[in-house]
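Down below is the structure, laid out as structure tokens.
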Amino acid sequence: MRFPWALLVAALRTTAALPLPPALLALNSTEGRRLLADPTALTSSYEQSIIHFVSQADQGSCFRASATIVLNALGAQGLQAPVDKPYQPYAYWTQDTVVSSDCARSNCTHFSLCRGATLGMAASALACTDAVEASALHARDKLRSATDLSALLRRTLSSGEHVIANFVGKPMGIEHGGHYSPCVAYHPGRDMVLVLDVSRYKYPPWWVSVSTLWAGLDTVDFTAMQRRGV
């Protein structure tokens, strides 16, 4: 029996990622790779995070996936991971273990395993992990402008800290409601940040100008009645 290659090609087309809008630059493009390879780019977080890059387990688990990446990345600085059944006897953070403690669950009020958690809940859940310090920085509060965001990225992504952004995709031209993903590299000359989008079934990792990302952060989470942020 001959293999139906035409059917295979059709299936691959159906499951392809969504196209990125002009404001976003795919990491796997020529220019995207060039930005990452530029010696002026701040890439410490990328180097620690990329080997732990995961897709969110379901469409409500973007925070859990982002937290999994960051906590595993912090292993390079000595953070101990738990031993979970899927990987026994090896210690590794999973999207279940990041929210398995009573502390984490108590900080995600009204949300099942932190699915759809607000920025404040997400930071509190992360801070439940021993030796981890997490802060919620809301747009127009701790972050007053895109300039503040650039300064934060420049400072944190060169110091061993990690940043998770909470944004809405519509102002940026992408199909995301409230969404979390790690920001892992910053190019100071272009004022662009690299986002490891945990909805990998939609988009590849993408570079975006800080001003465009700010537009996604500077939106109201009506559950918390606060603006989003990092």
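A note on labels: chains of the structure tokens are A, B, ... as shown, every chain counts residues from 1, and ligands are counted from 1 in their shown order.
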
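Contact shell of Gly78 in chain A at 12 Å (only C-alpha atoms; same-chain neighbours under 4 positions omitted): A:Leu71, A:Asn72, A:Ala73, A:Leu74, A:Asp130, A:Ala131, A:Val132, A:Gly160.
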
Query - Shell of 6 Å around range 199-212 of chain A, only C-alpha atoms, local chain residues under 3 positions omitted, as a list in words - result: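 My list of contacting residues is Ala17, Leu18, Leu24, Leu25, Ala26, Leu27, Ser55, Ala146, Asp191, Met192, Val193, Leu194, Val195, Leu196 and Ala215 of chain A.
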
**Report entry** Which residue of A:Val168, A:Ala117, A:Ala23, A:Cys128 approaches Arg64 in chain A most closely, using only C-alpha atoms
**Finding:**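 The answer is A:Ala117, which sits nearest to Arg64 in chain A.
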
**Report entry** Test item: residues at most 10 Å from Ala224 in chain A, only C-alpha atoms, excluding those fewer than 6 positions along its chain, as an MDAnalysis selection string
**Finding:** chainID A and resid 117:121

Store the residues picked out above, limited to all heavy atoms, as a PDB file, in the first residue's frame.
ATOM      1  N   ALA A 117      -4.538  32.365  36.984  1.00  0.00           N
ATOM      2  CA  ALA A 117      -4.194  33.153  38.166  1.00  0.00           C
ATOM      3  C   ALA A 117      -3.879  34.603  37.801  1.00  0.00           C
ATOM      4  O   ALA A 117      -3.324  34.889  36.739  1.00  0.00           O
ATOM      5  CB  ALA A 117      -2.994  32.541  38.875  1.00  0.00           C
ATOM      6  N   THR A 118      -4.221  35.510  38.684  1.00  0.00           N
ATOM      7  CA  THR A 118      -3.854  36.908  38.515  1.00  0.00           C
ATOM      8  C   THR A 118      -2.358  37.078  38.785  1.00  0.00           C
ATOM      9  O   THR A 118      -1.700  36.179  39.321  1.00  0.00           O
ATOM     10  CB  THR A 118      -4.634  37.806  39.477  1.00  0.00           C
ATOM     11  OG1 THR A 118      -4.219  37.504  40.828  1.00  0.00           O
ATOM     12  CG2 THR A 118      -6.140  37.589  39.351  1.00  0.00           C
ATOM     13  N   LEU A 119      -1.827  38.240  38.436  1.00  0.00           N
ATOM     14  CA  LEU A 119      -0.400  38.491  38.630  1.00  0.00           C
ATOM     15  C   LEU A 119      -0.009  38.391  40.098  1.00  0.00           C
ATOM     16  O   LEU A 119       1.020  37.796  40.440  1.00  0.00           O
ATOM     17  CB  LEU A 119      -0.036  39.870  38.074  1.00  0.00           C
ATOM     18  CG  LEU A 119       1.446  40.239  38.089  1.00  0.00           C
ATOM     19  CD1 LEU A 119       2.255  39.310  37.200  1.00  0.00           C
ATOM     20  CD2 LEU A 119       1.628  41.692  37.639  1.00  0.00           C
ATOM     21  N   GLY A 120      -0.820  38.950  40.975  1.00  0.00           N
ATOM     22  CA  GLY A 120      -0.522  38.875  42.398  1.00  0.00           C
ATOM     23  C   GLY A 120      -0.533  37.449  42.914  1.00  0.00           C
ATOM     24  O   GLY A 120       0.332  37.050  43.706  1.00  0.00           O
ATOM     25  N   MET A 121      -1.519  36.667  42.478  1.00  0.00           N
ATOM     26  CA  MET A 121      -1.579  35.267  42.882  1.00  0.00           C
ATOM     27  C   MET A 121      -0.365  34.503  42.374  1.00  0.00           C
ATOM     28  O   MET A 121       0.212  33.678  43.090  1.00  0.00           O
ATOM     29  CB  MET A 121      -2.847  34.613  42.327  1.00  0.00           C
ATOM     30  CG  MET A 121      -4.136  35.096  42.940  1.00  0.00           C
ATOM     31  SD  MET A 121      -5.528  34.283  42.098  1.00  0.00           S
ATOM     32  CE  MET A 121      -6.910  35.135  42.874  1.00  0.00           C
TER      33      MET A 121
END

Query raised in the report: Using only C-alpha atoms, which residue out of A:Arg154, A:Asn166, A:Ala136, A:Asp84 lies closest to Gly189 in chain A?
Result: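 Using only C-alpha atoms, the shortest distance to Gly189 in chain A belongs to A:Arg154.
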
Query raised in the report: Contacts of Gln95 in chain A at 12 Å or less, counting only C-alpha atoms, minus same-chain residues fewer than 6 places along, as a list in words?
Result: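 Listed by chain and then number, they are His52, Phe53, Val54, Ser55, Gln56, Ala57, Asp58, Gly60, Ser61, Cys62, Phe63, Arg64, Ala65, Ser66, Ala67, Thr68, Ile69, Val70, Leu71, Asn72, Pro82, Asp84, Pro86, Leu113, Cys114, Arg115 and Val198 of chain A.
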
Write a file of the selected residues as a PDB file, in the first residue's frame, keeping C-alpha atoms.
ATOM      1  CA  HIS A  52      13.680  23.713  30.147  1.00  0.00           C
ATOM      2  CA  PHE A  53      11.268  25.303  27.629  1.00  0.00           C
ATOM      3  CA  VAL A  54       7.869  23.565  27.799  1.00  0.00           C
ATOM      4  CA  SER A  55       4.414  24.038  26.331  1.00  0.00           C
ATOM      5  CA  GLN A  56       1.596  24.821  28.706  1.00  0.00           C
ATOM      6  CA  ALA A  57      -0.246  21.636  29.666  1.00  0.00           C
ATOM      7  CA  ASP A  58      -3.596  23.125  28.669  1.00  0.00           C
ATOM      8  CA  GLY A  60      -5.284  27.729  31.174  1.00  0.00           C
ATOM      9  CA  SER A  61      -1.822  26.712  32.380  1.00  0.00           C
ATOM     10  CA  CYS A  62       0.421  29.430  30.932  1.00  0.00           C
ATOM     11  CA  PHE A  63       1.515  30.573  34.402  1.00  0.00           C
ATOM     12  CA  ARG A  64       2.275  27.026  35.503  1.00  0.00           C
ATOM     13  CA  ALA A  65       4.386  26.400  32.388  1.00  0.00           C
ATOM     14  CA  SER A  66       6.217  29.712  32.802  1.00  0.00           C
ATOM     15  CA  ALA A  67       6.903  28.972  36.462  1.00  0.00           C
ATOM     16  CA  THR A  68       8.186  25.499  35.557  1.00  0.00           C
ATOM     17  CA  ILE A  69      10.706  26.979  33.110  1.00  0.00           C
ATOM     18  CA  VAL A  70      11.929  29.601  35.566  1.00  0.00           C
ATOM     19  CA  LEU A  71      12.196  27.297  38.586  1.00  0.00           C
ATOM     20  CA  ASN A  72      14.128  24.701  36.595  1.00  0.00           C
ATOM     21  CA  PRO A  82      11.252  18.169  44.075  1.00  0.00           C
ATOM     22  CA  ASP A  84       7.820  13.953  41.146  1.00  0.00           C
ATOM     23  CA  PRO A  86       6.839  10.981  36.336  1.00  0.00           C
ATOM     24  CA  LEU A 113      -4.095  24.728  40.283  1.00  0.00           C
ATOM     25  CA  CYS A 114      -3.395  28.393  39.447  1.00  0.00           C
ATOM     26  CA  ARG A 115      -4.992  28.157  36.000  1.00  0.00           C
ATOM     27  CA  VAL A 198       4.601  28.776  26.287  1.00  0.00           C
TER      28      VAL A 198
END

Query raised in the report: Do you know which residues are at most 6 Å from Leu217 in chain A counting only C-alpha atoms, after dropping those on the same chain fewer than 3 positions away, and could you put them as number ranges by chain?
Result: A: 167, 214, 228-229

Please produce a file of those selected residues containing N, CA, C and O atoms, as a compact mmCIF listing (two decimals), in the first residue's frame.
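again.txt, written as the output of this step:
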# COMPACT_ATOMS: atom_id res chain seq x y z
N PHE A 167 0.44 39.46 30.05
CA PHE A 167 0.00 40.43 29.05
C PHE A 167 -1.25 39.93 28.34
O PHE A 167 -1.64 38.76 28.45
N TRP A 214 4.85 46.51 26.27
CA TRP A 214 4.21 47.37 27.26
C TRP A 214 2.72 47.54 26.98
O TRP A 214 1.90 47.54 27.90
N ARG A 228 -2.03 44.42 34.39
CA ARG A 228 -1.08 43.32 34.32
C ARG A 228 0.34 43.87 34.46
O ARG A 228 0.52 45.05 34.74
N GLY A 229 1.33 43.04 34.27
CA GLY A 229 2.71 43.49 34.45
C GLY A 229 3.66 42.33 34.36
O GLY A 229 3.48 41.42 33.55

Query raised in the report: Which parts of range 5-195 of chain A does DSSP call alpha helix (DSSP H) when run on the backbone here, written out as a ChimeraX atom specification?
Result: /A:5-14,30-37,44-49,62-73,102-106,119-126,146-156

Give me a file of those residues, with C-alpha atoms, as a PDB file, in the first residue's frame.
ATOM      1  CA  TRP A   5       1.781  11.727   1.173  1.00  0.00           C
ATOM      2  CA  ALA A   6      -0.793  14.324   0.100  1.00  0.00           C
ATOM      3  CA  LEU A   7      -2.748  13.635   3.278  1.00  0.00           C
ATOM      4  CA  LEU A   8       0.412  14.022   5.372  1.00  0.00           C
ATOM      5  CA  VAL A   9       1.191  17.408   3.821  1.00  0.00           C
ATOM      6  CA  ALA A  10      -2.373  18.560   4.437  1.00  0.00           C
ATOM      7  CA  ALA A  11      -2.142  17.497   8.071  1.00  0.00           C
ATOM      8  CA  LEU A  12       1.112  19.363   8.556  1.00  0.00           C
ATOM      9  CA  ARG A  13      -0.419  22.500   7.113  1.00  0.00           C
ATOM     10  CA  THR A  14      -3.381  22.211   9.443  1.00  0.00           C
ATOM     11  CA  THR A  30      17.474  35.007  10.258  1.00  0.00           C
ATOM     12  CA  GLU A  31      17.073  38.345  12.029  1.00  0.00           C
ATOM     13  CA  GLY A  32      15.814  36.686  15.208  1.00  0.00           C
ATOM     14  CA  ARG A  33      18.891  34.491  15.424  1.00  0.00           C
ATOM     15  CA  ARG A  34      21.127  37.457  14.646  1.00  0.00           C
ATOM     16  CA  LEU A  35      19.704  39.441  17.564  1.00  0.00           C
ATOM     17  CA  LEU A  36      20.295  36.556  19.961  1.00  0.00           C
ATOM     18  CA  ALA A  37      23.868  36.073  18.724  1.00  0.00           C
ATOM     19  CA  SER A  44      21.874  34.798  30.661  1.00  0.00           C
ATOM     20  CA  SER A  45      18.231  33.982  31.356  1.00  0.00           C
ATOM     21  CA  TYR A  46      17.829  32.496  27.869  1.00  0.00           C
ATOM     22  CA  GLU A  47      20.818  30.214  28.324  1.00  0.00           C
ATOM     23  CA  GLN A  48      19.441  28.903  31.621  1.00  0.00           C
ATOM     24  CA  SER A  49      15.808  28.694  30.458  1.00  0.00           C
ATOM     25  CA  CYS A  62       0.421  29.430  30.932  1.00  0.00           C
ATOM     26  CA  PHE A  63       1.515  30.573  34.402  1.00  0.00           C
ATOM     27  CA  ARG A  64       2.275  27.026  35.503  1.00  0.00           C
ATOM     28  CA  ALA A  65       4.386  26.400  32.388  1.00  0.00           C
ATOM     29  CA  SER A  66       6.217  29.712  32.802  1.00  0.00           C
ATOM     30  CA  ALA A  67       6.903  28.972  36.462  1.00  0.00           C
ATOM     31  CA  THR A  68       8.186  25.499  35.557  1.00  0.00           C
ATOM     32  CA  ILE A  69      10.706  26.979  33.110  1.00  0.00           C
ATOM     33  CA  VAL A  70      11.929  29.601  35.566  1.00  0.00           C
ATOM     34  CA  LEU A  71      12.196  27.297  38.586  1.00  0.00           C
ATOM     35  CA  ASN A  72      14.128  24.701  36.595  1.00  0.00           C
ATOM     36  CA  ALA A  73      16.368  27.474  35.233  1.00  0.00           C
ATOM     37  CA  ASP A 102      -0.749  24.005  50.252  1.00  0.00           C
ATOM     38  CA  CYS A 103       0.838  27.462  50.195  1.00  0.00           C
ATOM     39  CA  ALA A 104       0.687  27.755  46.402  1.00  0.00           C
ATOM     40  CA  ARG A 105      -2.875  26.496  46.250  1.00  0.00           C
ATOM     41  CA  SER A 106      -4.021  28.851  48.978  1.00  0.00           C
ATOM     42  CA  LEU A 119      -0.400  38.491  38.630  1.00  0.00           C
ATOM     43  CA  GLY A 120      -0.522  38.875  42.398  1.00  0.00           C
ATOM     44  CA  MET A 121      -1.579  35.267  42.882  1.00  0.00           C
ATOM     45  CA  ALA A 122       1.158  34.065  40.537  1.00  0.00           C
ATOM     46  CA  ALA A 123       3.886  35.949  42.409  1.00  0.00           C
ATOM     47  CA  SER A 124       2.610  34.706  45.765  1.00  0.00           C
ATOM     48  CA  ALA A 125       2.504  31.115  44.514  1.00  0.00           C
ATOM     49  CA  LEU A 126       6.095  31.353  43.254  1.00  0.00           C
ATOM     50  CA  ALA A 146       7.887  51.297  28.801  1.00  0.00           C
ATOM     51  CA  THR A 147      11.079  53.095  29.826  1.00  0.00           C
ATOM     52  CA  ASP A 148      10.803  51.552  33.298  1.00  0.00           C
ATOM     53  CA  LEU A 149      10.258  48.149  31.689  1.00  0.00           C
ATOM     54  CA  SER A 150      13.408  48.542  29.567  1.00  0.00           C
ATOM     55  CA  ALA A 151      15.420  49.453  32.654  1.00  0.00           C
ATOM     56  CA  LEU A 152      14.027  46.447  34.523  1.00  0.00           C
ATOM     57  CA  LEU A 153      14.895  44.053  31.691  1.00  0.00           C
ATOM     58  CA  ARG A 154      18.384  45.498  31.374  1.00  0.00           C
ATOM     59  CA  ARG A 155      18.970  45.078  35.111  1.00  0.00           C
ATOM     60  CA  THR A 156      17.389  41.686  35.729  1.00  0.00           C
TER      61      THR A 156
END

**Report entry** Residue list (strand (DSSP E), DSSP) for chain A, as a ChimeraX atom specification
**Finding:** /A:24-26,163-168,178-187,192-195,206-209,220-221,226-227

Requested in this report: To one decimal in Å, tell me the separation between CA of Met172 in chain A and CA of Gly216 in chain A.
Outcome: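 So the answer is 6.2 Å.
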
Report summary line: Using only C-alpha atoms, the shortest atom-to-atom distance to Asp141 in chain A among A:Ala91, A:Gln226, A:Gly178, A:Pro22 belongs to A:Gln226
